[in-house]
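Data first, discussion second: the structure below is written as structure tokens.
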Amino acid sequence: MAKSKLIKANEKIAGKVVGAYKKIEDTLVGGYTKIEDAFVDRYLTKDGESVEEAKARLKRENNASR
């Protein structure tokens with residue numbers, strides 16, 4: 001009986017830890033994406049090109065050079 005209580009407690013703790021990690025990960029990735037988009041918009045876009053188009057162009061150019 002005591003073992004099942006420990007297992008349930010460990011599962012509850014594991015769920016909270018995974019949830020907290022996921023929240024931190026989403027926050028960091030979102031922040032990085034904002035910084036990346038601002039950099040691409042400011043320095044790497046050509047005339048009339050959107051950020052998404054510039055990223056796609058840069059990816060094509062990078063793959064072609066390999």
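Residues in the structure tokens are named by chain (A, B, ... in the order shown) and by number from 1 within that chain; ligands are numbered from 1 in the order shown.
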task: Considering only C-alpha atoms, return as a VMD selection string whatever protein or nucleic-acid residues lie within 10 Å of Glu36 in chain A, sequence-local ones (same chain, fewer than 6 positions apart) excluded.
output: chain A and resid 30 42 51 55
Just to be explicit: take each residue in the selection above, keep all heavy atoms, and write the result as a tab-separated table (two decimals), in the first residue's frame.
chain	number	residue	atom	x	y	z
A	30	GLY	N	10.32	31.19	-27.75
A	30	GLY	CA	9.57	32.35	-28.22
A	30	GLY	C	10.42	33.61	-28.20
A	30	GLY	O	10.39	34.41	-29.14
A	42	ARG	N	15.90	43.53	-39.81
A	42	ARG	CA	16.75	44.72	-39.85
A	42	ARG	C	17.93	44.57	-40.80
A	42	ARG	O	18.29	45.52	-41.50
A	42	ARG	CB	17.26	45.01	-38.44
A	42	ARG	CG	18.08	46.30	-38.39
A	42	ARG	CD	18.38	46.72	-37.00
A	42	ARG	NE	17.13	47.17	-36.38
A	42	ARG	CZ	16.95	47.28	-35.08
A	42	ARG	NH1	17.92	46.98	-34.25
A	42	ARG	NH2	15.81	47.69	-34.58
A	51	VAL	N	10.00	38.89	-43.66
A	51	VAL	CA	10.93	38.14	-42.82
A	51	VAL	C	10.90	36.66	-43.20
A	51	VAL	O	11.94	36.02	-43.32
A	51	VAL	CB	10.59	38.34	-41.33
A	51	VAL	CG1	11.41	37.42	-40.45
A	51	VAL	CG2	10.80	39.78	-40.92
A	55	LYS	N	14.02	34.45	-44.63
A	55	LYS	CA	14.48	33.21	-43.99
A	55	LYS	C	14.51	32.06	-45.00
A	55	LYS	O	15.47	31.28	-45.02
A	55	LYS	CB	13.58	32.85	-42.82
A	55	LYS	CG	13.81	33.68	-41.59
A	55	LYS	CD	12.92	33.19	-40.46
A	55	LYS	CE	13.12	33.93	-39.19
A	55	LYS	NZ	12.27	33.40	-38.10
message: Excluding Ala54 in chain A and its own-chain neighbours fewer than 5 positions away, which residues fall within 12 Å of it when counting only C-alpha atoms? Please give them as a PyMOL selection string.
response: chain A and resi 36-49+59-61
May I have the residues from that selection written out with all heavy atoms, as a short mmCIF file (atom, residue, chain, number, x, y, z; two decimals), in the first residue's frame?
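Generated file (again-v7.cif):
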data_model
loop_
_atom_site.label_atom_id
_atom_site.label_comp_id
_atom_site.auth_asym_id
_atom_site.auth_seq_id
_atom_site.Cartn_x
_atom_site.Cartn_y
_atom_site.Cartn_z
N GLU A 36 15.46 36.68 -33.40
CA GLU A 36 15.87 36.25 -34.74
C GLU A 36 15.09 37.01 -35.81
O GLU A 36 15.68 37.49 -36.79
CB GLU A 36 15.63 34.75 -34.88
CG GLU A 36 15.99 34.21 -36.25
CD GLU A 36 15.64 32.74 -36.41
OE1 GLU A 36 14.72 32.26 -35.72
OE2 GLU A 36 16.29 32.09 -37.22
N ASP A 37 13.78 37.14 -35.64
CA ASP A 37 12.95 37.85 -36.62
C ASP A 37 13.36 39.32 -36.72
O ASP A 37 13.42 39.89 -37.82
CB ASP A 37 11.48 37.75 -36.26
CG ASP A 37 10.90 36.36 -36.51
OD1 ASP A 37 11.58 35.54 -37.18
OD2 ASP A 37 9.78 36.09 -36.04
N ALA A 38 13.66 39.94 -35.59
CA ALA A 38 14.07 41.35 -35.61
C ALA A 38 15.41 41.50 -36.33
O ALA A 38 15.59 42.44 -37.12
CB ALA A 38 14.18 41.88 -34.19
N PHE A 39 16.34 40.59 -36.09
CA PHE A 39 17.64 40.65 -36.77
C PHE A 39 17.48 40.46 -38.27
O PHE A 39 18.05 41.22 -39.07
CB PHE A 39 18.58 39.58 -36.20
CG PHE A 39 19.92 39.56 -36.87
CD1 PHE A 39 20.91 40.44 -36.48
CD2 PHE A 39 20.20 38.66 -37.89
CE1 PHE A 39 22.15 40.43 -37.09
CE2 PHE A 39 21.43 38.65 -38.51
CZ PHE A 39 22.42 39.53 -38.10
N VAL A 40 16.72 39.45 -38.67
CA VAL A 40 16.51 39.20 -40.10
C VAL A 40 15.83 40.39 -40.74
O VAL A 40 16.21 40.82 -41.83
CB VAL A 40 15.69 37.90 -40.31
CG1 VAL A 40 15.25 37.76 -41.76
CG2 VAL A 40 16.49 36.69 -39.89
N ASP A 41 14.83 40.96 -40.07
CA ASP A 41 14.11 42.11 -40.61
C ASP A 41 15.03 43.30 -40.78
O ASP A 41 15.00 44.00 -41.80
CB ASP A 41 12.95 42.47 -39.69
CG ASP A 41 12.09 43.58 -40.26
OD1 ASP A 41 11.89 43.61 -41.49
OD2 ASP A 41 11.59 44.42 -39.47
N ARG A 42 15.90 43.53 -39.81
CA ARG A 42 16.75 44.72 -39.85
C ARG A 42 17.93 44.57 -40.80
O ARG A 42 18.29 45.52 -41.50
CB ARG A 42 17.26 45.01 -38.44
CG ARG A 42 18.08 46.30 -38.39
CD ARG A 42 18.38 46.72 -37.00
NE ARG A 42 17.13 47.17 -36.38
CZ ARG A 42 16.95 47.28 -35.08
NH1 ARG A 42 17.92 46.98 -34.25
NH2 ARG A 42 15.81 47.69 -34.58
N TYR A 43 18.57 43.39 -40.84
CA TYR A 43 19.84 43.28 -41.55
C TYR A 43 19.84 42.37 -42.78
O TYR A 43 20.73 42.50 -43.62
CB TYR A 43 20.92 42.77 -40.59
CG TYR A 43 21.16 43.71 -39.44
CD1 TYR A 43 20.77 43.36 -38.16
CD2 TYR A 43 21.76 44.95 -39.62
CE1 TYR A 43 20.98 44.22 -37.09
CE2 TYR A 43 21.97 45.80 -38.57
CZ TYR A 43 21.58 45.43 -37.30
OH TYR A 43 21.78 46.29 -36.25
N LEU A 44 18.90 41.47 -42.91
CA LEU A 44 19.02 40.46 -43.96
C LEU A 44 17.92 40.50 -45.02
O LEU A 44 18.01 39.79 -46.01
CB LEU A 44 19.07 39.06 -43.34
CG LEU A 44 20.23 38.83 -42.36
CD1 LEU A 44 20.12 37.45 -41.73
CD2 LEU A 44 21.57 39.01 -43.02
N THR A 45 16.90 41.31 -44.84
CA THR A 45 15.85 41.39 -45.85
C THR A 45 16.29 42.30 -46.98
O THR A 45 17.03 43.27 -46.78
CB THR A 45 14.52 41.92 -45.26
OG1 THR A 45 14.76 43.17 -44.63
CG2 THR A 45 13.92 40.95 -44.29
N LYS A 46 15.84 41.95 -48.15
CA LYS A 46 16.07 42.80 -49.32
C LYS A 46 14.81 43.63 -49.55
O LYS A 46 13.80 43.44 -48.89
CB LYS A 46 16.40 41.94 -50.53
CG LYS A 46 17.73 41.20 -50.37
CD LYS A 46 18.09 40.45 -51.61
CE LYS A 46 19.45 39.78 -51.41
NZ LYS A 46 19.86 39.03 -52.58
N ASP A 47 14.84 44.53 -50.50
CA ASP A 47 13.72 45.44 -50.75
C ASP A 47 12.41 44.69 -50.97
O ASP A 47 12.31 43.83 -51.83
CB ASP A 47 14.01 46.32 -51.97
CG ASP A 47 15.18 47.25 -51.74
OD1 ASP A 47 15.38 47.65 -50.57
OD2 ASP A 47 15.89 47.58 -52.71
N GLY A 48 11.40 45.02 -50.16
CA GLY A 48 10.07 44.47 -50.31
C GLY A 48 9.93 43.02 -49.87
O GLY A 48 8.90 42.40 -50.10
N GLU A 49 10.93 42.47 -49.24
CA GLU A 49 10.90 41.07 -48.84
C GLU A 49 10.44 40.96 -47.38
O GLU A 49 10.88 41.72 -46.54
CB GLU A 49 12.32 40.49 -48.99
CG GLU A 49 12.43 39.02 -48.82
CD GLU A 49 13.85 38.54 -49.07
OE1 GLU A 49 14.81 39.16 -48.58
OE2 GLU A 49 13.99 37.53 -49.76
N LYS A 59 17.86 30.11 -46.24
CA LYS A 59 17.96 28.66 -46.10
C LYS A 59 18.32 28.00 -47.44
O LYS A 59 19.16 27.11 -47.49
CB LYS A 59 16.63 28.10 -45.57
CG LYS A 59 16.69 26.66 -45.17
CD LYS A 59 15.41 26.24 -44.49
CE LYS A 59 15.55 24.84 -43.94
NZ LYS A 59 14.34 24.42 -43.20
N ARG A 60 17.69 28.48 -48.52
CA ARG A 60 18.01 27.95 -49.87
C ARG A 60 19.45 28.23 -50.22
O ARG A 60 20.17 27.36 -50.73
CB ARG A 60 17.09 28.58 -50.92
CG ARG A 60 15.72 28.00 -51.01
CD ARG A 60 15.00 28.46 -52.27
NE ARG A 60 15.10 29.90 -52.51
CZ ARG A 60 14.26 30.82 -52.07
NH1 ARG A 60 13.22 30.45 -51.33
NH2 ARG A 60 14.41 32.09 -52.35
N GLU A 61 19.91 29.46 -49.96
CA GLU A 61 21.30 29.82 -50.27
C GLU A 61 22.28 28.98 -49.45
O GLU A 61 23.32 28.56 -49.97
CB GLU A 61 21.53 31.30 -50.00
CG GLU A 61 20.83 32.22 -50.98
CD GLU A 61 20.93 33.69 -50.60
OE1 GLU A 61 21.54 34.01 -49.56
OE2 GLU A 61 20.39 34.51 -51.36
#
- request: Quick one: pick out all alpha helix (DSSP H) residues within chain A from a backbone DSSP run and write them as a ChimeraX atom specification.
  value: /A:2-39,51-64
